[in-house]
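Source file: my_file_17.txt (compact mmCIF, C-alpha atoms)
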```
# COMPACT_ATOMS: atom_id res chain seq x y z
CA MET A 14 103.86 -1.30 264.97
CA THR A 15 107.38 -0.73 266.22
CA TYR A 16 107.18 -2.63 269.47
CA THR A 17 109.50 -5.58 269.92
CA PHE A 18 108.39 -8.32 272.25
CA HIS A 19 110.78 -9.43 274.96
CA PHE A 20 109.64 -12.75 276.26
CA ARG A 21 113.15 -13.61 277.43
CA ASP A 22 112.84 -11.32 280.45
CA VAL A 23 109.72 -13.15 281.48
CA PHE A 24 111.19 -16.60 281.05
CA ALA A 25 114.28 -15.50 282.95
CA ALA A 26 111.99 -15.24 285.96
CA GLN A 27 110.85 -18.82 285.58
CA ASP A 28 111.62 -19.62 289.23
CA ALA A 29 109.11 -17.03 290.40
CA LEU A 30 106.58 -18.25 287.83
CA LEU A 31 107.05 -21.85 288.88
CA GLN A 32 106.66 -20.99 292.54
CA GLY A 33 103.49 -19.07 291.75
CA LEU A 34 102.19 -22.00 289.73
CA VAL A 35 102.76 -24.41 292.60
CA LEU A 36 100.94 -22.10 295.00
CA THR A 37 98.05 -21.71 292.56
CA LEU A 38 97.74 -25.49 292.37
CA GLU A 39 97.91 -25.72 296.16
CA LEU A 40 95.32 -22.99 296.59
CA THR A 41 93.04 -24.63 294.02
CA ALA A 42 93.30 -28.08 295.59
CA THR A 43 92.72 -26.97 299.18
CA THR A 44 89.89 -24.66 298.15
CA ILE A 45 88.15 -27.39 296.18
CA LEU A 46 88.48 -29.74 299.15
CA PHE A 47 87.13 -27.31 301.74
CA GLY A 48 84.62 -25.73 299.38
CA PHE A 49 83.19 -29.15 298.55
CA ILE A 50 82.88 -30.06 302.23
CA ILE A 51 81.14 -26.75 303.01
CA GLY A 52 78.92 -27.15 299.96
CA LEU A 53 77.91 -30.70 300.90
CA GLY A 54 77.14 -29.68 304.49
CA VAL A 55 75.08 -26.70 303.39
CA ALA A 56 73.25 -28.72 300.72
CA VAL A 57 72.33 -31.42 303.23
CA ALA A 58 71.20 -28.76 305.72
CA SER A 59 69.06 -27.06 303.10
CA VAL A 60 67.32 -30.30 302.10
CA TYR A 61 67.04 -32.31 305.34
CA GLY A 62 67.70 -29.72 308.05
CA PRO A 63 65.18 -28.15 310.40
CA ARG A 64 63.53 -24.92 309.27
CA TRP A 65 66.16 -22.62 310.82
CA ALA A 66 69.02 -24.55 309.20
CA GLN A 67 67.30 -24.35 305.83
CA ARG A 68 66.90 -20.60 306.25
CA ALA A 69 70.53 -20.17 307.28
CA ALA A 70 71.72 -22.26 304.33
CA ARG A 71 69.56 -20.24 301.93
CA ALA A 72 70.86 -16.94 303.34
CA TYR A 73 74.48 -18.05 303.03
CA VAL A 74 74.05 -19.20 299.45
CA GLU A 75 72.22 -16.05 298.34
CA LEU A 76 74.59 -13.71 300.15
CA ILE A 77 77.67 -15.24 298.57
CA ARG A 78 76.25 -15.76 295.10
CA ASN A 79 75.02 -12.18 294.81
CA THR A 80 78.23 -10.38 295.80
CA PRO A 81 81.60 -10.25 294.04
CA LEU A 82 84.45 -12.54 295.06
CA LEU A 83 86.83 -9.57 295.26
CA VAL A 84 84.67 -7.86 297.90
CA GLN A 85 84.28 -11.15 299.80
CA LEU A 86 88.05 -11.58 299.86
CA PHE A 87 88.50 -8.02 301.15
CA ILE A 88 85.94 -8.65 303.89
CA VAL A 89 87.67 -11.87 304.97
CA PHE A 90 91.10 -10.25 304.68
CA PHE A 91 90.17 -7.30 306.89
CA GLY A 92 87.58 -9.13 308.97
CA LEU A 93 89.61 -12.04 310.33
CA PRO A 94 92.16 -9.84 312.15
CA SER A 95 89.36 -7.82 313.71
CA ILE A 96 87.97 -10.96 315.35
CA GLY A 97 91.46 -11.72 316.61
CA LEU A 98 92.54 -14.23 313.96
CA LYS A 99 95.90 -13.26 312.52
CA LEU A 100 96.68 -15.74 309.77
CA ASP A 101 99.12 -15.93 306.93
CA VAL A 102 97.77 -14.55 303.65
CA LEU A 103 97.52 -17.96 301.95
CA PRO A 104 95.18 -19.47 304.59
CA VAL A 105 93.16 -16.26 304.44
CA ALA A 106 92.81 -16.61 300.67
CA THR A 107 91.87 -20.27 301.08
CA ILE A 108 89.17 -19.40 303.61
CA GLY A 109 87.75 -16.66 301.40
CA LEU A 110 87.76 -18.79 298.26
CA ALA A 111 86.34 -21.83 300.08
CA ILE A 112 83.47 -19.77 301.50
CA ASN A 113 82.81 -18.58 297.94
CA LEU A 114 83.01 -22.00 296.31
CA GLY A 115 80.95 -23.52 299.14
CA ALA A 116 77.90 -21.49 298.16
CA TYR A 117 78.08 -22.46 294.47
CA ALA A 118 78.80 -26.10 295.29
CA ALA A 119 75.90 -26.13 297.77
CA GLU A 120 73.48 -24.94 295.10
CA ILE A 121 74.72 -27.58 292.63
CA LEU A 122 74.68 -30.40 295.18
CA ARG A 123 71.23 -29.40 296.44
CA ALA A 124 69.91 -29.67 292.88
CA GLY A 125 71.61 -33.07 292.63
CA ILE A 126 70.12 -34.38 295.86
CA GLN A 127 66.66 -33.16 294.85
CA SER A 128 67.01 -34.82 291.46
CA ILE A 129 66.85 -38.27 293.07
CA PRO A 130 63.23 -39.49 292.86
CA ARG A 131 61.52 -40.23 296.18
CA SER A 132 60.67 -43.71 294.99
CA GLN A 133 64.39 -44.57 295.05
CA VAL A 134 64.62 -43.66 298.72
CA GLU A 135 61.41 -45.57 299.46
CA ALA A 136 62.82 -48.61 297.72
CA GLY A 137 65.85 -48.34 299.98
CA VAL A 138 63.62 -48.21 303.04
CA THR A 139 61.73 -51.37 301.99
CA LEU A 140 65.05 -53.15 301.53
CA GLY A 141 65.81 -52.34 305.17
CA LEU A 142 68.77 -50.08 304.58
CA THR A 143 69.74 -47.68 307.34
CA ARG A 144 69.33 -43.94 306.86
CA SER A 145 73.05 -43.39 306.34
CA GLN A 146 73.23 -46.28 303.86
CA ILE A 147 70.32 -44.81 301.95
CA PHE A 148 71.92 -41.37 301.91
CA ARG A 149 75.32 -42.68 300.83
CA HIS A 150 74.39 -45.25 298.21
CA ILE A 151 71.00 -44.17 296.93
CA VAL A 152 71.12 -40.38 297.22
CA LEU A 153 74.68 -39.08 297.33
CA VAL A 154 76.50 -41.15 294.74
CA PRO A 155 73.85 -40.90 291.98
CA ALA A 156 73.38 -37.20 292.84
CA LEU A 157 77.13 -36.60 292.44
CA LYS A 158 77.05 -38.43 289.16
CA ASN A 159 74.17 -36.28 287.92
CA VAL A 160 75.79 -32.96 288.81
CA PHE A 161 79.41 -33.84 288.06
CA PRO A 162 79.49 -31.78 284.83
CA SER A 163 78.27 -28.68 286.71
CA LEU A 164 80.78 -29.29 289.48
CA THR A 165 83.53 -29.63 286.89
CA SER A 166 82.78 -26.21 285.39
CA GLN A 167 82.52 -24.70 288.84
CA PHE A 168 85.91 -26.10 289.87
CA ILE A 169 87.53 -24.75 286.70
CA LEU A 170 85.96 -21.33 287.30
CA LEU A 171 87.32 -21.50 290.84
CA MET A 172 90.81 -22.36 289.60
CA LEU A 173 90.72 -19.27 287.38
CA ALA A 174 89.24 -17.21 290.21
CA THR A 175 92.20 -17.97 292.48
CA SER A 176 93.90 -15.23 290.43
CA VAL A 177 91.68 -12.72 292.24
CA ALA A 178 93.49 -13.67 295.47
CA SER A 179 96.49 -11.78 294.06
CA GLN A 180 94.59 -8.64 295.08
CA ILE A 181 95.02 -9.50 298.76
CA ALA A 182 98.68 -10.28 298.00
CA ALA A 183 98.37 -14.06 298.10
CA PRO A 184 101.60 -15.09 296.34
CA GLU A 185 100.02 -17.26 293.63
CA LEU A 186 100.67 -17.28 289.88
CA PHE A 187 98.98 -13.99 289.05
CA TYR A 188 100.74 -12.26 291.90
CA ALA A 189 104.06 -13.67 290.68
CA GLY A 190 103.18 -12.11 287.33
CA SER A 191 102.70 -8.68 288.84
CA ILE A 192 106.03 -8.97 290.67
CA ILE A 193 107.83 -9.88 287.43
CA GLN A 194 106.01 -7.05 285.69
CA SER A 195 107.19 -4.49 288.20
CA ARG A 196 110.74 -5.80 287.84
CA THR A 197 110.93 -6.00 284.04
CA TYR A 198 108.20 -3.61 282.81
CA ARG A 199 107.28 -6.26 280.24
CA ASP A 200 103.61 -6.09 281.21
CA PHE A 201 102.03 -7.46 278.06
CA GLU A 202 104.51 -10.31 277.73
CA VAL A 203 104.13 -11.26 281.38
CA TYR A 204 100.35 -11.45 281.23
CA THR A 205 100.42 -13.32 277.91
CA VAL A 206 102.58 -16.01 279.48
CA ILE A 207 100.37 -16.07 282.59
CA ALA A 208 97.22 -16.34 280.46
CA VAL A 209 98.65 -19.28 278.50
CA VAL A 210 99.61 -21.05 281.73
CA TYR A 211 96.06 -20.65 283.07
CA LEU A 212 94.62 -21.89 279.78
CA VAL A 213 96.76 -25.03 279.96
CA LEU A 214 95.82 -25.50 283.62
CA ALA A 215 92.13 -25.20 282.75
CA LEU A 216 92.47 -27.86 280.03
CA LEU A 217 94.43 -30.15 282.35
CA LEU A 218 91.93 -29.74 285.16
CA ARG A 219 89.07 -30.53 282.79
CA GLY A 220 90.89 -33.68 281.68
CA LEU A 221 91.65 -34.67 285.26
CA LEU A 222 88.03 -34.25 286.33
CA ALA A 223 86.80 -36.21 283.32
CA LEU A 224 89.16 -39.00 284.40
CA CYS A 225 87.78 -38.78 287.95
CA TYR A 226 84.27 -39.12 286.55
CA ARG A 227 85.22 -42.22 284.63
CA LEU A 228 87.01 -43.83 287.57
CA LEU A 229 84.26 -43.01 290.06
CA PHE A 230 81.07 -43.61 288.17
CA THR A 231 81.35 -45.77 285.08
CA HIS A 232 82.08 -49.18 286.57
CA ARG A 233 78.69 -49.27 288.24
CA MET B 224 94.94 12.27 306.10
CA ILE B 225 92.69 9.96 308.03
CA ARG B 226 89.07 10.93 308.52
CA ASP B 227 86.08 9.24 310.08
CA LEU B 228 83.56 7.30 308.11
CA SER B 229 80.59 9.61 307.72
CA TRP B 230 77.15 9.71 306.20
CA VAL B 231 78.47 11.02 302.87
CA ASP B 232 80.52 7.88 302.23
CA PRO B 233 77.56 5.63 301.41
CA LEU B 234 76.41 8.39 299.06
CA TYR B 235 79.75 8.43 297.27
CA LEU B 236 79.55 4.66 296.96
CA LEU B 237 76.04 4.99 295.60
CA PHE B 238 77.26 7.48 292.99
CA ALA B 239 80.09 5.12 292.05
CA LEU B 240 77.51 2.38 291.55
CA ARG B 241 76.35 4.05 288.33
CA TRP B 242 79.80 3.34 286.83
CA THR B 243 79.34 -0.31 287.75
CA ILE B 244 75.98 -0.29 285.98
CA LEU B 245 77.35 1.63 283.00
CA LEU B 246 80.28 -0.76 282.59
CA THR B 247 77.86 -3.69 282.71
CA LEU B 248 75.73 -2.10 279.99
CA LEU B 249 78.78 -1.29 277.83
CA ALA B 250 79.95 -4.89 278.19
CA LEU B 251 76.52 -6.11 277.09
CA VAL B 252 76.47 -3.77 274.10
CA GLY B 253 79.91 -5.01 273.07
CA GLY B 254 79.33 -8.63 274.06
CA ALA B 255 75.91 -9.21 272.46
CA PRO B 256 77.09 -8.98 268.81
CA ILE B 257 80.04 -11.25 269.60
CA GLY B 258 77.67 -13.62 271.35
CA LEU B 259 75.30 -13.65 268.38
CA LEU B 260 78.17 -14.36 266.02
CA VAL B 261 79.54 -17.13 268.25
CA ALA B 262 76.06 -18.65 268.63
CA SER B 263 75.28 -18.62 264.92
CA LEU B 264 78.74 -19.95 263.97
CA GLY B 265 78.29 -22.71 266.51
CA ASN B 266 74.96 -23.65 265.02
CA THR B 267 75.94 -24.14 261.38
CA ALA B 268 76.31 -27.43 259.56
CA ASN B 269 79.94 -26.68 258.74
CA PRO B 270 82.27 -28.38 261.28
CA SER B 271 85.08 -25.85 260.83
CA THR B 272 82.94 -22.82 261.74
CA ARG B 273 81.58 -24.79 264.67
CA LEU B 274 85.18 -25.35 265.71
CA VAL B 275 85.90 -21.61 265.54
CA SER B 276 82.95 -20.95 267.83
CA ARG B 277 84.00 -23.66 270.29
CA ALA B 278 87.61 -22.52 270.26
CA TYR B 279 86.59 -18.94 271.04
CA ILE B 280 84.44 -20.05 273.96
CA GLY B 281 87.18 -22.36 275.26
CA LEU B 282 89.87 -19.70 274.94
CA VAL B 283 87.93 -16.99 276.74
CA GLN B 284 86.61 -19.27 279.46
CA GLY B 285 90.02 -20.87 280.05
CA ILE B 286 91.78 -17.61 280.94
CA PRO B 287 91.00 -15.64 284.11
CA LEU B 288 89.00 -12.46 283.57
CA LEU B 289 91.71 -10.59 285.46
CA ALA B 290 94.22 -11.66 282.80
CA TRP B 291 91.91 -10.46 279.99
CA LEU B 292 91.69 -7.08 281.72
CA PHE B 293 95.45 -6.78 281.96
CA LEU B 294 96.00 -8.02 278.41
CA PHE B 295 93.75 -5.28 277.04
CA PHE B 296 95.02 -2.66 279.45
CA PHE B 297 98.66 -3.29 278.53
CA GLY B 298 98.02 -4.53 275.01
CA PHE B 299 96.64 -1.36 273.46
CA PRO B 300 99.71 0.77 274.27
CA ILE B 301 101.84 -1.72 272.32
CA PHE B 302 100.05 -0.61 269.18
CA GLY B 303 100.69 2.97 270.17
CA ILE B 304 97.12 3.49 271.33
CA ASP B 305 96.71 4.82 274.83
CA VAL B 306 93.33 3.84 276.14
CA PRO B 307 91.67 4.92 279.37
CA ALA B 308 90.87 2.22 281.92
CA TRP B 309 87.15 2.24 281.13
CA LEU B 310 87.77 1.44 277.47
CA ALA B 311 90.20 -1.39 278.22
CA ALA B 312 87.69 -2.75 280.73
CA THR B 313 84.85 -2.47 278.20
CA CYS B 314 86.88 -4.43 275.63
CA ALA B 315 87.84 -7.14 278.12
CA PHE B 316 84.30 -7.52 279.45
CA SER B 317 82.86 -7.56 275.92
CA VAL B 318 85.17 -10.40 274.90
CA TYR B 319 84.25 -12.20 278.11
CA ALA B 320 80.49 -11.59 277.78
CA GLY B 321 80.63 -12.63 274.11
CA ALA B 322 81.85 -16.09 275.02
CA PHE B 323 79.31 -16.72 277.77
CA LEU B 324 76.36 -15.23 275.87
CA GLY B 325 77.44 -17.14 272.77
CA GLU B 326 77.41 -20.39 274.70
CA ILE B 327 73.98 -19.68 276.23
CA TRP B 328 72.42 -18.63 272.94
CA ARG B 329 73.93 -21.47 270.95
CA GLY B 330 72.42 -23.89 273.44
CA ALA B 331 69.04 -22.18 273.08
CA LEU B 332 69.16 -22.37 269.28
CA MET B 333 70.16 -26.01 269.37
CA SER B 334 67.36 -26.90 271.76
CA ILE B 335 64.74 -26.04 269.13
CA PRO B 336 63.70 -29.39 267.62
CA LYS B 337 64.68 -30.04 264.04
CA THR B 338 61.03 -30.69 263.21
CA GLN B 339 60.34 -26.98 263.76
CA TRP B 340 62.75 -26.18 260.92
CA GLU B 341 61.24 -28.89 258.73
CA ALA B 342 57.66 -27.85 259.43
CA SER B 343 58.34 -24.19 258.69
CA SER B 344 60.19 -24.96 255.48
CA SER B 345 57.40 -27.30 254.38
CA ILE B 346 54.95 -24.39 254.47
CA GLY B 347 57.34 -22.46 252.24
CA MET B 348 59.01 -20.08 254.66
CA SER B 349 62.36 -18.61 253.69
CA TYR B 350 65.36 -19.10 255.98
CA ILE B 351 65.04 -15.57 257.36
CA ALA B 352 61.30 -16.00 257.89
CA GLN B 353 61.92 -19.31 259.66
CA LEU B 354 64.33 -17.64 262.05
CA ARG B 355 62.16 -14.59 262.50
CA TYR B 356 58.78 -16.25 263.07
CA VAL B 357 59.54 -19.77 264.27
CA ILE B 358 62.99 -20.38 265.69
CA ILE B 359 64.03 -17.16 267.43
CA PRO B 360 60.73 -16.58 269.29
CA GLN B 361 61.06 -20.02 270.85
CA ALA B 362 64.80 -19.73 271.44
CA ILE B 363 64.41 -16.38 273.20
CA ARG B 364 62.07 -17.91 275.75
CA ILE B 365 64.64 -20.56 276.54
CA ALA B 366 67.60 -18.18 276.52
CA THR B 367 66.18 -15.40 278.68
CA PRO B 368 66.55 -16.90 282.19
CA PRO B 369 70.24 -17.86 281.78
CA THR B 370 70.94 -14.54 280.04
CA VAL B 371 69.54 -12.60 282.98
CA GLY B 372 71.58 -14.85 285.25
CA PHE B 373 74.69 -14.00 283.28
CA VAL B 374 73.99 -10.25 283.50
CA MET B 375 74.05 -10.72 287.26
CA GLN B 376 77.44 -12.47 286.98
CA LEU B 377 78.64 -9.58 284.85
CA VAL B 378 77.60 -6.99 287.44
CA LYS B 379 79.66 -8.84 290.05
CA ASN B 380 82.63 -9.32 287.76
CA THR B 381 82.87 -5.63 286.85
CA SER B 382 84.35 -5.31 290.34
CA LEU B 383 87.60 -6.59 288.82
CA ALA B 384 87.86 -3.40 286.75
CA ALA B 385 88.86 -1.75 290.03
CA VAL B 386 92.20 -3.52 289.65
CA ILE B 387 93.16 -1.51 286.55
CA GLY B 388 92.00 1.67 288.25
CA PHE B 389 88.51 2.13 286.87
CA VAL B 390 86.57 3.91 289.60
CA GLU B 391 83.41 1.90 290.03
CA VAL B 392 81.93 0.95 293.37
CA THR B 393 84.69 -1.46 294.48
CA ARG B 394 87.47 1.01 293.61
CA GLU B 395 85.55 3.78 295.37
CA GLY B 396 85.34 1.42 298.33
CA GLN B 397 89.11 0.84 298.27
CA MET B 398 89.74 4.57 298.31
CA THR B 399 87.22 5.16 301.09
CA ALA B 400 88.72 2.28 303.09
CA ALA B 401 92.19 3.75 302.69
CA ALA B 402 91.04 7.20 303.77
CA THR B 403 88.99 6.15 306.78
CA LEU B 404 90.86 3.03 307.95
CA ALA B 405 87.48 1.34 308.35
CA PRO B 406 87.78 -1.30 305.64
CA LEU B 407 85.35 -3.74 307.17
CA SER B 408 82.37 -1.36 307.32
CA VAL B 409 83.21 0.04 303.89
CA TYR B 410 83.42 -3.35 302.16
CA ALA B 411 80.28 -4.50 303.96
CA MET B 412 78.54 -1.50 302.42
CA VAL B 413 80.03 -2.21 298.99
CA GLY B 414 78.85 -5.81 299.29
CA ALA B 415 75.38 -4.61 300.26
CA PHE B 416 75.22 -2.41 297.16
CA TYR B 417 76.16 -5.33 294.91
CA PHE B 418 73.60 -7.50 296.66
CA ALA B 419 70.90 -4.88 296.09
CA LEU B 420 71.79 -4.86 292.41
CA CYS B 421 72.23 -8.61 291.87
CA TYR B 422 69.56 -10.19 294.03
CA PRO B 423 66.59 -8.80 292.04
CA LEU B 424 68.23 -10.13 288.87
CA THR B 425 68.65 -13.55 290.48
CA VAL B 426 65.02 -13.62 291.59
CA TYR B 427 63.84 -12.42 288.19
CA SER B 428 65.89 -15.07 286.37
CA ARG B 429 64.51 -17.77 288.64
CA ARG B 430 60.93 -16.59 288.12
CA LEU B 431 61.37 -16.58 284.35
CA GLU B 432 62.72 -20.10 284.52
CA ARG B 433 59.78 -21.32 286.56
CA ARG B 434 57.31 -19.70 284.17
CA LEU B 435 59.06 -21.42 281.28
CA HIS B 436 58.64 -24.83 282.90
CA VAL B 437 55.00 -24.20 283.69
CA ALA B 438 54.26 -23.18 280.11
CA ARG B 439 55.57 -26.41 278.71
```
Can you present the structure in this file as structure tokens?
Amino acid sequence: MTYTFHFRDVFAAQDALLQGLVLTLELTATTILFGFIIGLGVAVASVYGPRWAQRAARAYVELIRNTPLLVQLFIVFFGLPSIGLKLDVLPVATIGLAINLGAYAAEILRAGIQSIPRSQVEAGVTLGLTRSQIFRHIVLVPALKNVFPSLTSQFILLMLATSVASQIAAPELFYAGSIIQSRTYRDFEVYTVIAVVYLVLALLLRGLLALCYRLLFTHR
Amino acid sequence: MIRDLSWVDPLYLLFALRWTILLTLLALVGGAPIGLLVASLGNTANPSTRLVSRAYIGLVQGIPLLAWLFLFFFGFPIFGIDVPAWLAATCAFSVYAGAFLGEIWRGALMSIPKTQWEASSSIGMSYIAQLRYVIIPQAIRIATPPTVGFVMQLVKNTSLAAVIGFVEVTREGQMTAAATLAPLSVYAMVGAFYFALCYPLTVYSRRLERRLHVAR
């Protein structure tokens, strides 16, 4: 092997890397927020909604979960302008990723809601709690606690999947990598650095979510 | 040159779908031995081999699949080996599948109660015989639904091989979209093809899972 590694060229572009990193974090955070809201709405619709809402929720979940993210992003990327919505590429990526995450989160949250025994809800009714109190305190919080590990893995997968948004030119970390690559031709070095950054991010996100779990659920 | 989308385009996409299927199969052929190794290392009494197994799973699952593809695609030439896109993709997907299959199978092995091992050794079975006649038949039943589910994930994820220029159905779609300037209809078709491939797997996995619960 006669190849000499040149990591210096990659680190010289640290500004671009840092900017990409910040945008990846932003993209991850906003997607998790919106994806969770979509997922919760769809999960509630698929458990408590009227028949048509249940059907619609089911169709959305199956459609998204059985097609690749890359194709979904292309459809959103080319589809939004054709319905007259001309947005910046970052909001487009957020919309695409949130629609994707929403389906996975919905499936997880639905399982969580259905894991609460009926007797718990009935006990709430006998205590005279209102419907929204029952949903909040008896169904939602214990359900979230039950499925938090699944949600954690899904959020980490999503964080890694934001790299796919580079393919619609969303200027996140992976995209920054491809820019540096085209400038320096140090392809292997660039993607090694990028991979390590993602690995650290994944570990940090796992730690952060474990902390969230402890803060949210253990004092009860 | 720009042409109209015509009836041959879905056919071309359909033909490209076989490369998607082939890449999935290659990834499974490469990933299954890795998965077996990871699962069996993760199931030993020795903490250091268990650590190796966990570290492998953590490493692969902590790095985006796209990065694995690029690392293999650009990594081979460093050693003076020029590989075609399909081979780089096969390597990346095998590494990826190995981690996920390893995790699924390790879980299945560990879910077999210890008493099964004790009972089979008390009737004088050898270690191999225990695995062959007692442990693996039960573990396979547990592992099959999530394994089928993962194959479905793999089918979807092979779409990323388009990024390094492997012409499977997504890449074919990109080229068709560029030639016809009708990206929306083209990607809708591509999505429909993936759905047709993945949805039966999803349903099958779910049915297997239900049967498993009924049997217990």
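CA of Val84 in chain A is positioned 19.9 Å from CA of Ala308 in chain B.
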Using only C-alpha atoms, I'd like every residue of chain B that has an atom within 6 Å of chain A; please write them out as a PyMOL selection string. chain B and resi 285-287+297-298+302+379+407+414+417-418+421-422
Please identify every residue of range 267-353 of chain B that has at least one atom no farther than 6 Å from an atom of range 228-251 of chain B, counting only C-alpha atoms, and for each give the shortest atom pair and the distance in Å to one decimal, arranged by chain then increasing number, as JSON lines.
```
{"residue": "B:Thr313", "atom": "CA", "partner": "B:Ala250", "partner_atom": "CA", "distance": 5.5}
{"residue": "B:Phe316", "atom": "CA", "partner": "B:Ala250", "partner_atom": "CA", "distance": 5.2}
{"residue": "B:Ser317", "atom": "CA", "partner": "B:Ala250", "partner_atom": "CA", "distance": 4.6}
```
Report as CSV: every residue of range 24-62 of chain A with an atom at most 12 Å from range 133-156 of chain A, its closest pair of atoms, and their distance in Å to one decimal, counting only C-alpha atoms, with rows sorted by chain and ascending residue number.
```
residue,atom,partner,partner_atom,distance
A:Leu53,CA,A:Leu153,CA,9.7
A:Ala56,CA,A:Leu153,CA,11.0
A:Val57,CA,A:Leu153,CA,10.0
A:Val60,CA,A:Val152,CA,11.8
A:Tyr61,CA,A:Phe148,CA,10.8
```
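Separating CA of Leu157 in chain A from CA of Gln127 in chain A is a distance of 11.3 Å.
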Find the residues around Ser343 in chain B up to 10 Å (only C-alpha atoms counted), leave out those fewer than 2 positions away in its own chain, and share them as a ChimeraX atom specification. /B:338-341,345-350,352-354,356-358
Please measure the separation of CA of Arg429 in chain B and CA of Pro368 in chain B, giving the value in Å to one decimal. 6.8 Å
For Thr37 in chain A, which residue out of A:Ala178, A:Val55, A:Val102, A:Ala111 is the nearest one, using all atoms listed in the file? A:Ala178
Residue completion, range 141-157 of chain A, N, CA and C atoms, as a short mmCIF file (atom, residue, chain, number, x, y, z; two decimals), in the coordinates of the input:
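Saved as out_6.cif:
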```
data_model
loop_
_atom_site.label_atom_id
_atom_site.label_comp_id
_atom_site.auth_asym_id
_atom_site.auth_seq_id
_atom_site.Cartn_x
_atom_site.Cartn_y
_atom_site.Cartn_z
N GLY A 141 65.28 -52.32 303.81
CA GLY A 141 65.81 -52.34 305.17
C GLY A 141 67.17 -51.69 305.33
N LEU A 142 67.50 -50.79 304.42
CA LEU A 142 68.77 -50.08 304.58
C LEU A 142 68.64 -49.02 305.67
N THR A 143 69.77 -48.73 306.33
CA THR A 143 69.74 -47.68 307.34
C THR A 143 69.72 -46.32 306.65
N ARG A 144 69.41 -45.29 307.44
CA ARG A 144 69.33 -43.94 306.86
C ARG A 144 70.65 -43.52 306.22
N SER A 145 71.77 -43.84 306.89
CA SER A 145 73.05 -43.39 306.34
C SER A 145 73.40 -44.19 305.09
N GLN A 146 73.00 -45.48 305.07
CA GLN A 146 73.23 -46.28 303.86
C GLN A 146 72.43 -45.71 302.70
N ILE A 147 71.16 -45.37 303.00
CA ILE A 147 70.32 -44.81 301.95
C ILE A 147 70.94 -43.52 301.42
N PHE A 148 71.37 -42.64 302.36
CA PHE A 148 71.92 -41.37 301.91
C PHE A 148 73.17 -41.59 301.06
N ARG A 149 74.06 -42.48 301.54
CA ARG A 149 75.32 -42.68 300.83
C ARG A 149 75.11 -43.32 299.46
N HIS A 150 74.41 -44.45 299.44
CA HIS A 150 74.39 -45.25 298.21
C HIS A 150 73.27 -44.87 297.26
N ILE A 151 72.15 -44.41 297.79
CA ILE A 151 71.00 -44.17 296.93
C ILE A 151 70.89 -42.69 296.56
N VAL A 152 71.26 -41.81 297.51
CA VAL A 152 71.12 -40.38 297.22
C VAL A 152 72.44 -39.78 296.74
N LEU A 153 73.49 -39.88 297.58
CA LEU A 153 74.68 -39.08 297.33
C LEU A 153 75.41 -39.47 296.05
N VAL A 154 75.69 -40.76 295.89
CA VAL A 154 76.50 -41.15 294.74
C VAL A 154 75.80 -40.87 293.40
N PRO A 155 74.52 -41.27 293.24
CA PRO A 155 73.85 -40.90 291.98
C PRO A 155 73.71 -39.38 291.81
N ALA A 156 73.51 -38.66 292.94
CA ALA A 156 73.38 -37.20 292.84
C ALA A 156 74.69 -36.61 292.32
N LEU A 157 75.82 -37.08 292.88
CA LEU A 157 77.13 -36.60 292.44
C LEU A 157 77.33 -36.88 290.96
#
```
